[in-house]
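This report concerns only the one structure given below.
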Amino acid sequence: MKRLRERARVVADVRAFFAARGFVEVQTPVLVPSPGLDLHLDAFEVAGGERGAPRWLATSPEYQMKRLLADGLERIVQIGPCFRRGEVGSRHNPEFTMLEWYRANAGVEDVMRDTEQLVAAVTGGSVSVEGRRVDLRPPFERLGVCEAFERFAGWSREATLEAAARDEDRYFRALVDVVEPAIEKIEHGVLLVDYPATQASLARKKPGDPQLAERFELYVAGVELCNGFGELVDPVEQRTRLEHDQAERRARGLPVYPVDERFLEALARVPPSGGNALGLDRLVALACGTTSIADVVAFTADEL
(Lines give C-alpha, C1' and ligand atoms only; values in the text may rest on other atoms or scores of the structure.)
Protein backbone atom coordinates (compact mmCIF):
# COMPACT_ATOMS: atom_id res chain seq x y z
CA MET A 1 0.00 0.00 0.00
CA LYS A 2 2.90 2.37 0.69
CA ARG A 3 4.21 1.93 -2.83
CA LEU A 4 0.79 2.43 -4.39
CA ARG A 5 0.61 5.74 -2.52
CA GLU A 6 4.05 6.59 -3.88
CA ARG A 7 2.80 5.71 -7.35
CA ALA A 8 -0.06 8.18 -6.94
CA ARG A 9 2.45 10.84 -5.87
CA VAL A 10 4.61 10.20 -8.95
CA VAL A 11 1.63 10.42 -11.30
CA ALA A 12 0.57 13.70 -9.69
CA ASP A 13 4.12 15.06 -10.03
CA VAL A 14 4.23 14.03 -13.70
CA ARG A 15 0.96 15.81 -14.43
CA ALA A 16 2.15 18.93 -12.61
CA PHE A 17 5.46 18.87 -14.51
CA PHE A 18 3.78 18.88 -17.93
CA ALA A 19 1.01 21.31 -16.95
CA ALA A 20 3.64 23.82 -15.84
CA ARG A 21 5.20 23.59 -19.32
CA GLY A 22 2.01 24.19 -21.23
CA PHE A 23 1.26 20.63 -22.32
CA VAL A 24 -2.32 19.54 -22.99
CA GLU A 25 -3.18 16.14 -21.55
CA VAL A 26 -5.01 14.03 -24.13
CA GLN A 27 -6.65 10.61 -24.23
CA THR A 28 -6.63 8.58 -27.44
CA PRO A 29 -8.36 5.25 -28.16
CA VAL A 30 -7.01 1.97 -26.85
CA LEU A 31 -8.67 -0.02 -29.64
CA VAL A 32 -6.86 0.85 -32.89
CA PRO A 33 -6.80 -0.19 -36.58
CA SER A 34 -3.03 -0.76 -36.56
CA PRO A 35 -0.85 -1.38 -33.50
CA GLY A 36 2.36 -0.46 -35.35
CA LEU A 37 4.80 -2.62 -37.27
CA ASP A 38 7.81 -2.72 -34.94
CA LEU A 39 9.50 -6.06 -35.57
CA HIS A 40 10.01 -6.64 -31.85
CA LEU A 41 6.46 -5.97 -30.63
CA ASP A 42 3.36 -8.16 -30.93
CA ALA A 43 -0.18 -6.96 -30.27
CA PHE A 44 -3.40 -8.42 -28.91
CA GLU A 45 -6.06 -8.70 -31.59
CA VAL A 46 -9.62 -7.95 -30.50
CA ALA A 47 -12.55 -9.56 -32.33
CA GLY A 48 -15.65 -7.67 -33.40
CA GLY A 49 -14.29 -4.46 -34.85
CA GLU A 50 -16.60 -1.96 -36.53
CA ARG A 51 -18.04 -3.38 -39.77
CA GLY A 52 -15.91 -6.47 -39.30
CA ALA A 53 -12.61 -4.58 -39.51
CA PRO A 54 -9.90 -6.07 -37.28
CA ARG A 55 -8.77 -4.07 -34.26
CA TRP A 56 -5.86 -4.38 -31.86
CA LEU A 57 -5.09 -3.10 -28.37
CA ALA A 58 -2.63 -0.22 -28.70
CA THR A 59 1.04 -0.96 -28.12
CA SER A 60 1.58 2.81 -28.01
CA PRO A 61 -0.64 5.87 -28.63
CA GLU A 62 1.93 7.25 -31.09
CA TYR A 63 -0.05 7.22 -34.33
CA GLN A 64 -3.09 8.95 -32.89
CA MET A 65 -1.04 11.49 -30.94
CA LYS A 66 0.82 12.48 -34.10
CA ARG A 67 -2.53 13.00 -35.80
CA LEU A 68 -3.31 15.52 -33.05
CA LEU A 69 -0.04 17.32 -33.85
CA ALA A 70 -1.19 17.45 -37.47
CA ASP A 71 -4.43 19.08 -36.32
CA GLY A 72 -2.56 21.90 -34.60
CA LEU A 73 -1.87 20.88 -31.01
CA GLU A 74 1.75 21.75 -30.20
CA ARG A 75 2.50 20.17 -26.81
CA ILE A 76 0.61 17.03 -25.83
CA VAL A 77 1.03 14.38 -23.16
CA GLN A 78 -0.81 11.16 -22.33
CA ILE A 79 -0.77 8.71 -19.44
CA GLY A 80 -2.58 5.52 -20.27
CA PRO A 81 -2.59 1.75 -20.66
CA CYS A 82 -0.73 -0.03 -23.45
CA PHE A 83 -0.63 -3.72 -24.30
CA ARG A 84 2.13 -5.94 -25.71
CA ARG A 85 1.79 -9.68 -26.16
CA GLY A 86 4.49 -11.92 -24.74
CA GLU A 87 6.09 -9.31 -22.48
CA VAL A 88 6.39 -10.87 -19.03
CA GLY A 89 9.16 -10.36 -16.49
CA SER A 90 10.37 -8.20 -13.65
CA ARG A 91 10.30 -5.13 -15.92
CA HIS A 92 7.49 -6.20 -18.24
CA ASN A 93 3.78 -6.89 -18.03
CA PRO A 94 1.38 -7.48 -20.95
CA GLU A 95 -0.58 -4.42 -19.77
CA PHE A 96 1.46 -1.46 -18.59
CA THR A 97 1.21 2.30 -18.22
CA MET A 98 2.84 4.53 -20.82
CA LEU A 99 3.74 8.17 -20.41
CA GLU A 100 4.06 9.62 -23.90
CA TRP A 101 4.55 13.22 -24.99
CA TYR A 102 5.23 15.21 -28.15
CA ARG A 103 6.52 18.69 -28.93
CA ALA A 104 5.74 20.27 -32.29
CA ASN A 105 8.34 22.66 -33.75
CA ALA A 106 10.96 21.02 -31.58
CA GLY A 107 13.61 18.34 -31.87
CA VAL A 108 15.23 15.45 -30.10
CA GLU A 109 17.38 17.68 -27.86
CA ASP A 110 14.27 19.42 -26.51
CA VAL A 111 12.70 16.10 -25.61
CA MET A 112 15.90 14.81 -23.99
CA ARG A 113 15.92 17.92 -21.79
CA ASP A 114 12.28 17.25 -20.89
CA THR A 115 13.25 13.72 -19.93
CA GLU A 116 16.17 14.75 -17.72
CA GLN A 117 14.14 17.39 -15.94
CA LEU A 118 11.13 15.11 -15.46
CA VAL A 119 13.16 12.27 -13.96
CA ALA A 120 15.00 14.69 -11.67
CA ALA A 121 11.71 16.27 -10.57
CA VAL A 122 10.10 12.92 -9.76
CA THR A 123 13.11 11.44 -7.95
CA GLY A 124 14.54 14.53 -6.29
CA GLY A 125 17.74 14.13 -8.29
CA SER A 126 18.80 10.65 -7.22
CA VAL A 127 17.56 7.14 -6.46
CA SER A 128 18.88 4.40 -4.21
CA VAL A 129 18.41 1.00 -5.86
CA GLU A 130 19.60 -2.22 -4.23
CA GLY A 131 22.15 -0.36 -2.13
CA ARG A 132 23.41 1.81 -4.99
CA ARG A 133 22.96 5.56 -5.22
CA VAL A 134 22.39 6.78 -8.80
CA ASP A 135 22.80 10.48 -9.53
CA LEU A 136 19.93 11.88 -11.61
CA ARG A 137 20.81 15.56 -11.67
CA PRO A 138 20.73 16.98 -15.21
CA PRO A 139 22.42 16.98 -17.59
CA PHE A 140 22.79 13.24 -18.05
CA GLU A 141 25.68 11.67 -19.90
CA ARG A 142 25.04 11.28 -23.63
CA LEU A 143 26.63 8.17 -25.08
CA GLY A 144 26.37 7.25 -28.76
CA VAL A 145 25.45 3.65 -29.58
CA CYS A 146 28.52 3.17 -31.76
CA GLU A 147 30.70 4.70 -29.04
CA ALA A 148 29.16 2.37 -26.44
CA PHE A 149 29.81 -0.71 -28.59
CA GLU A 150 33.40 0.42 -29.13
CA ARG A 151 34.00 1.17 -25.45
CA PHE A 152 32.37 -1.91 -23.96
CA ALA A 153 32.41 -4.56 -26.71
CA GLY A 154 35.44 -3.54 -28.74
CA TRP A 155 33.43 -3.15 -31.94
CA SER A 156 34.24 -0.53 -34.57
CA ARG A 157 31.55 1.85 -35.80
CA GLU A 158 31.46 -0.07 -39.08
CA ALA A 159 31.01 -3.41 -37.31
CA THR A 160 28.18 -2.02 -35.17
CA LEU A 161 26.31 -0.56 -38.14
CA GLU A 162 26.81 -3.70 -40.20
CA ALA A 163 25.48 -5.98 -37.44
CA ALA A 164 22.51 -3.70 -36.78
CA ALA A 165 21.58 -3.81 -40.47
CA ARG A 166 22.38 -7.42 -41.41
CA ASP A 167 22.76 -9.54 -38.28
CA GLU A 168 20.29 -8.33 -35.66
CA ASP A 169 20.71 -11.41 -33.48
CA ARG A 170 24.42 -10.68 -33.09
CA TYR A 171 23.77 -6.98 -32.54
CA PHE A 172 21.18 -7.59 -29.82
CA ARG A 173 23.26 -10.29 -28.11
CA ALA A 174 26.12 -7.82 -27.75
CA LEU A 175 23.75 -5.08 -26.61
CA VAL A 176 22.03 -7.23 -23.98
CA ASP A 177 25.02 -9.31 -22.83
CA VAL A 178 27.83 -6.74 -22.93
CA VAL A 179 26.79 -3.13 -23.51
CA GLU A 180 23.76 -2.85 -21.22
CA PRO A 181 25.48 -4.58 -18.25
CA ALA A 182 28.35 -2.10 -18.57
CA ILE A 183 25.96 0.84 -18.66
CA GLU A 184 24.19 -0.58 -15.59
CA LYS A 185 27.38 -0.04 -13.56
CA ILE A 186 27.44 3.70 -14.31
CA GLU A 187 26.26 5.61 -11.25
CA HIS A 188 24.37 8.34 -13.07
CA GLY A 189 21.68 8.55 -15.73
CA VAL A 190 22.86 7.71 -19.24
CA LEU A 191 21.14 8.75 -22.47
CA LEU A 192 22.08 6.26 -25.17
CA VAL A 193 21.79 8.27 -28.39
CA ASP A 194 22.38 8.14 -32.16
CA TYR A 195 21.05 4.65 -32.88
CA PRO A 196 21.82 2.92 -36.19
CA ALA A 197 19.21 4.13 -38.67
CA THR A 198 18.10 0.52 -39.23
CA GLN A 199 17.02 0.38 -35.56
CA ALA A 200 14.67 3.36 -35.63
CA SER A 201 11.75 2.93 -38.00
CA LEU A 202 9.83 6.00 -36.74
CA ALA A 203 12.76 8.36 -36.10
CA ARG A 204 14.27 10.69 -38.63
CA LYS A 205 17.82 10.19 -39.83
CA LYS A 206 20.46 12.36 -38.21
CA PRO A 207 21.27 15.43 -40.30
CA GLY A 208 24.78 15.08 -41.66
CA ASP A 209 25.02 11.39 -40.77
CA PRO A 210 22.24 9.33 -42.40
CA GLN A 211 23.64 6.06 -41.05
CA LEU A 212 22.36 7.15 -37.64
CA ALA A 213 18.91 8.14 -36.38
CA GLU A 214 17.67 10.66 -33.84
CA ARG A 215 16.66 8.04 -31.32
CA PHE A 216 17.56 7.87 -27.63
CA GLU A 217 16.91 5.67 -24.62
CA LEU A 218 17.49 6.56 -20.98
CA TYR A 219 19.16 4.02 -18.68
CA VAL A 220 19.06 4.29 -14.89
CA ALA A 221 20.57 1.50 -12.74
CA GLY A 222 20.27 -0.86 -15.71
CA VAL A 223 16.62 -0.02 -16.35
CA GLU A 224 15.76 1.21 -19.84
CA LEU A 225 13.15 3.86 -19.12
CA CYS A 226 12.13 5.31 -22.46
CA ASN A 227 12.38 5.40 -26.23
CA GLY A 228 12.51 8.90 -27.72
CA PHE A 229 12.77 10.26 -31.24
CA GLY A 230 13.34 13.23 -33.40
CA GLU A 231 10.22 12.28 -35.30
CA LEU A 232 10.14 11.24 -38.94
CA VAL A 233 7.45 13.42 -40.57
CA ASP A 234 8.03 12.51 -44.23
CA PRO A 235 5.03 10.34 -45.21
CA VAL A 236 6.75 8.91 -48.30
CA GLU A 237 9.78 7.69 -46.39
CA GLN A 238 7.57 6.52 -43.51
CA ARG A 239 5.43 4.43 -45.89
CA THR A 240 8.57 2.84 -47.35
CA ARG A 241 9.77 1.90 -43.87
CA LEU A 242 6.40 0.52 -42.79
CA GLU A 243 6.05 -1.59 -45.93
CA HIS A 244 9.59 -2.89 -45.36
CA ASP A 245 8.61 -3.84 -41.81
CA GLN A 246 5.49 -5.59 -43.09
CA ALA A 247 7.61 -7.66 -45.49
CA GLU A 248 10.10 -8.48 -42.75
CA ARG A 249 7.36 -9.54 -40.33
CA ARG A 250 5.90 -11.77 -43.05
CA ALA A 251 9.32 -13.32 -43.74
CA ARG A 252 9.83 -14.04 -40.03
CA GLY A 253 6.40 -15.66 -39.67
CA LEU A 254 5.14 -12.89 -37.39
CA PRO A 255 1.64 -11.39 -37.46
CA VAL A 256 1.44 -8.74 -40.19
CA TYR A 257 -0.54 -5.65 -39.21
CA PRO A 258 -2.01 -3.12 -41.66
CA VAL A 259 -0.50 0.25 -42.44
CA ASP A 260 -2.49 3.02 -40.77
CA GLU A 261 -3.44 5.16 -43.77
CA ARG A 262 -4.95 7.96 -41.68
CA PHE A 263 -1.69 8.25 -39.76
CA LEU A 264 0.29 8.54 -43.00
CA GLU A 265 -2.14 11.10 -44.43
CA ALA A 266 -1.80 13.22 -41.30
CA LEU A 267 1.99 12.93 -41.19
CA ALA A 268 2.34 15.33 -44.13
CA ARG A 269 0.87 18.04 -41.88
CA VAL A 270 3.01 17.34 -38.80
CA PRO A 271 5.69 20.02 -38.26
CA PRO A 272 9.22 19.08 -37.16
CA SER A 273 8.64 17.38 -33.81
CA GLY A 274 10.19 15.39 -31.01
CA GLY A 275 8.54 12.76 -28.83
CA ASN A 276 9.17 10.24 -26.10
CA ALA A 277 7.49 7.10 -24.77
CA LEU A 278 8.42 6.39 -21.14
CA GLY A 279 7.43 3.37 -19.07
CA LEU A 280 5.69 4.95 -16.09
CA ASP A 281 5.69 1.74 -14.07
CA ARG A 282 9.48 1.56 -14.38
CA LEU A 283 9.90 5.18 -13.31
CA VAL A 284 7.69 4.60 -10.27
CA ALA A 285 9.69 1.48 -9.41
CA LEU A 286 12.96 3.40 -9.47
CA ALA A 287 11.45 6.16 -7.33
CA CYS A 288 10.55 3.42 -4.83
CA GLY A 289 14.06 1.97 -4.84
CA THR A 290 13.33 -1.16 -6.88
CA THR A 291 13.66 -2.30 -10.50
CA SER A 292 10.62 -4.63 -10.40
CA ILE A 293 7.37 -3.17 -11.69
CA ALA A 294 5.44 -5.90 -9.85
CA ASP A 295 6.23 -3.96 -6.68
CA VAL A 296 4.40 -0.85 -7.88
CA VAL A 297 1.33 -2.05 -9.82
CA ALA A 298 -1.90 -3.07 -8.13
CA PHE A 299 -2.02 -6.44 -9.92
CA THR A 300 0.30 -8.15 -12.38
CA ALA A 301 -1.09 -10.33 -15.17
CA ASP A 302 -0.51 -13.54 -13.20
CA GLU A 303 -2.36 -12.17 -10.15
CA LEU A 304 -5.65 -11.82 -12.03
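FYI, nothing fancy with the C-alpha coordinates labels: chains A, B, ... in order, residues from 1 per chain, ligands from 1 as they appear.
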
Mind checking DSSP for segment 38-158 of chain A and telling me the helix (DSSP H, G or I) residues as a PDB file with N, CA, C and O atoms, in the first residue's frame?
ATOM      1  N   GLU A  50     -15.523  -2.618 -35.787  1.00  0.00           N
ATOM      2  CA  GLU A  50     -16.598  -1.961 -36.529  1.00  0.00           C
ATOM      3  C   GLU A  50     -16.649  -2.477 -37.967  1.00  0.00           C
ATOM      4  O   GLU A  50     -15.633  -2.525 -38.652  1.00  0.00           O
ATOM      5  N   ARG A  51     -17.839  -2.879 -38.413  1.00  0.00           N
ATOM      6  CA  ARG A  51     -18.044  -3.382 -39.772  1.00  0.00           C
ATOM      7  C   ARG A  51     -17.094  -4.542 -40.103  1.00  0.00           C
ATOM      8  O   ARG A  51     -16.666  -4.725 -41.232  1.00  0.00           O
ATOM      9  N   GLY A  52     -16.750  -5.291 -39.093  1.00  0.00           N
ATOM     10  CA  GLY A  52     -15.914  -6.468 -39.298  1.00  0.00           C
ATOM     11  C   GLY A  52     -14.437  -6.187 -39.442  1.00  0.00           C
ATOM     12  O   GLY A  52     -13.645  -7.116 -39.636  1.00  0.00           O
ATOM     13  N   GLU A  62       1.144   6.379 -30.217  1.00  0.00           N
ATOM     14  CA  GLU A  62       1.933   7.252 -31.091  1.00  0.00           C
ATOM     15  C   GLU A  62       1.193   7.730 -32.324  1.00  0.00           C
ATOM     16  O   GLU A  62       1.174   8.929 -32.630  1.00  0.00           O
ATOM     17  N   TYR A  63       0.590   6.812 -33.071  1.00  0.00           N
ATOM     18  CA  TYR A  63      -0.046   7.223 -34.328  1.00  0.00           C
ATOM     19  C   TYR A  63      -1.126   8.269 -34.097  1.00  0.00           C
ATOM     20  O   TYR A  63      -1.207   9.281 -34.812  1.00  0.00           O
ATOM     21  N   GLN A  64      -1.980   8.020 -33.121  1.00  0.00           N
ATOM     22  CA  GLN A  64      -3.089   8.952 -32.889  1.00  0.00           C
ATOM     23  C   GLN A  64      -2.601  10.280 -32.304  1.00  0.00           C
ATOM     24  O   GLN A  64      -3.148  11.343 -32.616  1.00  0.00           O
ATOM     25  N   MET A  65      -1.562  10.233 -31.486  1.00  0.00           N
ATOM     26  CA  MET A  65      -1.044  11.487 -30.940  1.00  0.00           C
ATOM     27  C   MET A  65      -0.412  12.336 -32.040  1.00  0.00           C
ATOM     28  O   MET A  65      -0.541  13.564 -32.054  1.00  0.00           O
ATOM     29  N   LYS A  66       0.247  11.707 -32.994  1.00  0.00           N
ATOM     30  CA  LYS A  66       0.822  12.480 -34.097  1.00  0.00           C
ATOM     31  C   LYS A  66      -0.279  13.082 -34.969  1.00  0.00           C
ATOM     32  O   LYS A  66      -0.101  14.166 -35.544  1.00  0.00           O
ATOM     33  N   ARG A  67      -1.411  12.409 -35.069  1.00  0.00           N
ATOM     34  CA  ARG A  67      -2.533  13.000 -35.801  1.00  0.00           C
ATOM     35  C   ARG A  67      -3.020  14.269 -35.095  1.00  0.00           C
ATOM     36  O   ARG A  67      -3.458  15.224 -35.747  1.00  0.00           O
ATOM     37  N   LEU A  68      -2.939  14.303 -33.776  1.00  0.00           N
ATOM     38  CA  LEU A  68      -3.310  15.521 -33.050  1.00  0.00           C
ATOM     39  C   LEU A  68      -2.305  16.643 -33.308  1.00  0.00           C
ATOM     40  O   LEU A  68      -2.691  17.819 -33.395  1.00  0.00           O
ATOM     41  N   LEU A  69      -1.018  16.302 -33.452  1.00  0.00           N
ATOM     42  CA  LEU A  69      -0.037  17.317 -33.854  1.00  0.00           C
ATOM     43  C   LEU A  69      -0.396  17.885 -35.218  1.00  0.00           C
ATOM     44  O   LEU A  69      -0.292  19.094 -35.454  1.00  0.00           O
ATOM     45  N   ALA A  70      -0.800  17.002 -36.126  1.00  0.00           N
ATOM     46  CA  ALA A  70      -1.187  17.453 -37.469  1.00  0.00           C
ATOM     47  C   ALA A  70      -2.377  18.400 -37.421  1.00  0.00           C
ATOM     48  O   ALA A  70      -2.512  19.290 -38.278  1.00  0.00           O
ATOM     49  N   VAL A 108      14.879  16.494 -31.054  1.00  0.00           N
ATOM     50  CA  VAL A 108      15.235  15.446 -30.104  1.00  0.00           C
ATOM     51  C   VAL A 108      15.917  16.024 -28.867  1.00  0.00           C
ATOM     52  O   VAL A 108      15.721  15.526 -27.757  1.00  0.00           O
ATOM     53  N   GLU A 109      16.705  17.091 -29.013  1.00  0.00           N
ATOM     54  CA  GLU A 109      17.380  17.680 -27.860  1.00  0.00           C
ATOM     55  C   GLU A 109      16.370  18.265 -26.872  1.00  0.00           C
ATOM     56  O   GLU A 109      16.550  18.165 -25.655  1.00  0.00           O
ATOM     57  N   ASP A 110      15.316  18.870 -27.392  1.00  0.00           N
ATOM     58  CA  ASP A 110      14.273  19.421 -26.513  1.00  0.00           C
ATOM     59  C   ASP A 110      13.630  18.319 -25.678  1.00  0.00           C
ATOM     60  O   ASP A 110      13.369  18.491 -24.475  1.00  0.00           O
ATOM     61  N   VAL A 111      13.370  17.184 -26.314  1.00  0.00           N
ATOM     62  CA  VAL A 111      12.704  16.095 -25.608  1.00  0.00           C
ATOM     63  C   VAL A 111      13.663  15.421 -24.623  1.00  0.00           C
ATOM     64  O   VAL A 111      13.241  14.988 -23.544  1.00  0.00           O
ATOM     65  N   MET A 112      14.943  15.349 -24.957  1.00  0.00           N
ATOM     66  CA  MET A 112      15.904  14.814 -23.989  1.00  0.00           C
ATOM     67  C   MET A 112      15.980  15.710 -22.759  1.00  0.00           C
ATOM     68  O   MET A 112      16.068  15.216 -21.627  1.00  0.00           O
ATOM     69  N   ARG A 113      15.925  17.025 -22.953  1.00  0.00           N
ATOM     70  CA  ARG A 113      15.917  17.925 -21.790  1.00  0.00           C
ATOM     71  C   ARG A 113      14.653  17.728 -20.961  1.00  0.00           C
ATOM     72  O   ARG A 113      14.711  17.727 -19.718  1.00  0.00           O
ATOM     73  N   ASP A 114      13.497  17.583 -21.625  1.00  0.00           N
ATOM     74  CA  ASP A 114      12.276  17.252 -20.885  1.00  0.00           C
ATOM     75  C   ASP A 114      12.492  16.034 -20.007  1.00  0.00           C
ATOM     76  O   ASP A 114      12.096  16.003 -18.833  1.00  0.00           O
ATOM     77  N   THR A 115      13.088  15.006 -20.605  1.00  0.00           N
ATOM     78  CA  THR A 115      13.254  13.723 -19.930  1.00  0.00           C
ATOM     79  C   THR A 115      14.140  13.860 -18.699  1.00  0.00           C
ATOM     80  O   THR A 115      13.812  13.363 -17.615  1.00  0.00           O
ATOM     81  N   GLU A 116      15.273  14.533 -18.865  1.00  0.00           N
ATOM     82  CA  GLU A 116      16.174  14.752 -17.725  1.00  0.00           C
ATOM     83  C   GLU A 116      15.457  15.498 -16.597  1.00  0.00           C
ATOM     84  O   GLU A 116      15.542  15.105 -15.421  1.00  0.00           O
ATOM     85  N   GLN A 117      14.782  16.568 -16.953  1.00  0.00           N
ATOM     86  CA  GLN A 117      14.138  17.395 -15.940  1.00  0.00           C
ATOM     87  C   GLN A 117      12.987  16.662 -15.261  1.00  0.00           C
ATOM     88  O   GLN A 117      12.784  16.784 -14.045  1.00  0.00           O
ATOM     89  N   LEU A 118      12.240  15.880 -16.036  1.00  0.00           N
ATOM     90  CA  LEU A 118      11.129  15.110 -15.464  1.00  0.00           C
ATOM     91  C   LEU A 118      11.641  14.090 -14.454  1.00  0.00           C
ATOM     92  O   LEU A 118      11.122  13.998 -13.328  1.00  0.00           O
ATOM     93  N   VAL A 119      12.640  13.318 -14.848  1.00  0.00           N
ATOM     94  CA  VAL A 119      13.159  12.274 -13.957  1.00  0.00           C
ATOM     95  C   VAL A 119      13.748  12.894 -12.697  1.00  0.00           C
ATOM     96  O   VAL A 119      13.549  12.395 -11.581  1.00  0.00           O
ATOM     97  N   ALA A 120      14.451  14.009 -12.848  1.00  0.00           N
ATOM     98  CA  ALA A 120      14.995  14.688 -11.674  1.00  0.00           C
ATOM     99  C   ALA A 120      13.885  15.200 -10.766  1.00  0.00           C
ATOM    100  O   ALA A 120      13.967  15.100  -9.534  1.00  0.00           O
ATOM    101  N   ALA A 121      12.818  15.735 -11.371  1.00  0.00           N
ATOM    102  CA  ALA A 121      11.713  16.273 -10.569  1.00  0.00           C
ATOM    103  C   ALA A 121      11.018  15.181  -9.781  1.00  0.00           C
ATOM    104  O   ALA A 121      10.645  15.367  -8.608  1.00  0.00           O
ATOM    105  N   VAL A 122      10.824  14.019 -10.411  1.00  0.00           N
ATOM    106  CA  VAL A 122      10.101  12.921  -9.761  1.00  0.00           C
ATOM    107  C   VAL A 122      10.932  12.267  -8.663  1.00  0.00           C
ATOM    108  O   VAL A 122      10.398  11.859  -7.629  1.00  0.00           O
ATOM    109  N   THR A 123      12.248  12.178  -8.879  1.00  0.00           N
ATOM    110  CA  THR A 123      13.111  11.440  -7.951  1.00  0.00           C
ATOM    111  C   THR A 123      13.849  12.321  -6.957  1.00  0.00           C
ATOM    112  O   THR A 123      14.498  11.804  -6.044  1.00  0.00           O
ATOM    113  N   VAL A 145      25.482   5.112 -29.502  1.00  0.00           N
ATOM    114  CA  VAL A 145      25.447   3.650 -29.575  1.00  0.00           C
ATOM    115  C   VAL A 145      26.757   3.102 -30.109  1.00  0.00           C
ATOM    116  O   VAL A 145      27.331   2.154 -29.549  1.00  0.00           O
ATOM    117  N   CYS A 146      27.268   3.676 -31.195  1.00  0.00           N
ATOM    118  CA  CYS A 146      28.524   3.173 -31.756  1.00  0.00           C
ATOM    119  C   CYS A 146      29.678   3.353 -30.769  1.00  0.00           C
ATOM    120  O   CYS A 146      30.541   2.476 -30.640  1.00  0.00           O
ATOM    121  N   GLU A 147      29.682   4.475 -30.059  1.00  0.00           N
ATOM    122  CA  GLU A 147      30.704   4.702 -29.039  1.00  0.00           C
ATOM    123  C   GLU A 147      30.594   3.672 -27.915  1.00  0.00           C
ATOM    124  O   GLU A 147      31.606   3.153 -27.418  1.00  0.00           O
ATOM    125  N   ALA A 148      29.361   3.356 -27.504  1.00  0.00           N
ATOM    126  CA  ALA A 148      29.159   2.372 -26.440  1.00  0.00           C
ATOM    127  C   ALA A 148      29.645   0.986 -26.864  1.00  0.00           C
ATOM    128  O   ALA A 148      30.282   0.264 -26.080  1.00  0.00           O
ATOM    129  N   PHE A 149      29.341   0.589 -28.104  1.00  0.00           N
ATOM    130  CA  PHE A 149      29.810  -0.715 -28.591  1.00  0.00           C
ATOM    131  C   PHE A 149      31.326  -0.741 -28.684  1.00  0.00           C
ATOM    132  O   PHE A 149      31.950  -1.782 -28.418  1.00  0.00           O
ATOM    133  N   GLU A 150      31.936   0.378 -29.066  1.00  0.00           N
ATOM    134  CA  GLU A 150      33.396   0.420 -29.131  1.00  0.00           C
ATOM    135  C   GLU A 150      33.999   0.345 -27.731  1.00  0.00           C
ATOM    136  O   GLU A 150      34.946  -0.408 -27.484  1.00  0.00           O
ATOM    137  N   ARG A 151      33.431   1.116 -26.797  1.00  0.00           N
ATOM    138  CA  ARG A 151      33.998   1.173 -25.449  1.00  0.00           C
ATOM    139  C   ARG A 151      33.830  -0.138 -24.688  1.00  0.00           C
ATOM    140  O   ARG A 151      34.766  -0.603 -24.024  1.00  0.00           O
ATOM    141  N   PHE A 152      32.668  -0.761 -24.803  1.00  0.00           N
ATOM    142  CA  PHE A 152      32.365  -1.906 -23.955  1.00  0.00           C
ATOM    143  C   PHE A 152      32.495  -3.260 -24.658  1.00  0.00           C
ATOM    144  O   PHE A 152      32.712  -4.267 -23.995  1.00  0.00           O
ATOM    145  N   ALA A 153      32.345  -3.281 -25.986  1.00  0.00           N
ATOM    146  CA  ALA A 153      32.408  -4.557 -26.710  1.00  0.00           C
ATOM    147  C   ALA A 153      33.586  -4.644 -27.664  1.00  0.00           C
ATOM    148  O   ALA A 153      33.839  -5.707 -28.233  1.00  0.00           O
ATOM    149  N   ARG A 157      32.808   1.264 -35.317  1.00  0.00           N
ATOM    150  CA  ARG A 157      31.547   1.846 -35.800  1.00  0.00           C
ATOM    151  C   ARG A 157      31.010   1.030 -36.972  1.00  0.00           C
ATOM    152  O   ARG A 157      29.811   0.714 -37.021  1.00  0.00           O
ATOM    153  N   GLU A 158      31.890   0.673 -37.895  1.00  0.00           N
ATOM    154  CA  GLU A 158      31.460  -0.070 -39.077  1.00  0.00           C
ATOM    155  C   GLU A 158      30.879  -1.425 -38.693  1.00  0.00           C
ATOM    156  O   GLU A 158      29.860  -1.860 -39.250  1.00  0.00           O
TER     157      GLU A 158
END

Best match for closeness to Val10 of chain A among A:Ala43, A:Ala174, A:Ala294, A:Ile79, counting only C-alpha atoms: A:Ile79

Considering only C-alpha atoms, return as a ChimeraX atom specification whatever protein or nucleic-acid residues lie within 9 Å of Tyr257 of chain A, sequence-local ones (same chain, fewer than 4 positions apart) excluded. /A:33-37,246,249

Please report the interatomic distance between atom CA of Ile76 of chain A and atom CA of Glu100 of chain A in Å with one decimal.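 Going from atom CA of Ile76 of chain A over to atom CA of Glu100 of chain A covers 8.4 Å.
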
Using only C-alpha atoms, find the one residue out of A:Pro94, A:Pro29, A:Gly22, A:Pro210 that sits nearest to Phe299 of chain A. A:Pro94

Tell me which protein, DNA and RNA residues are within 7 Å of segment 80-85 of chain A, counting only C-alpha atoms, leaving out same-chain ones fewer than 6 positions away, and put them as a ChimeraX atom specification. /A:41-44,57-60,94-99

Backbone DSSP call of strand (DSSP E) for segment 53-255 of chain A, listed as number ranges by chain: A: 55-57, 75-83, 95-104, 126-129, 132-135, 141-144, 190-196, 205-206, 209-220, 223-224, 226-230

For Ala19 of chain A, please output as a list in words all residues within 12 Å (counting only C-alpha atoms; exclusion window: fewer than 4 positions along the same chain). Ala12, Asp13, Val14, Arg15, Phe23, Val24, Glu25, Val26, Arg75, Ile76, Val77, Gln78, Trp101 and Leu118 of chain A
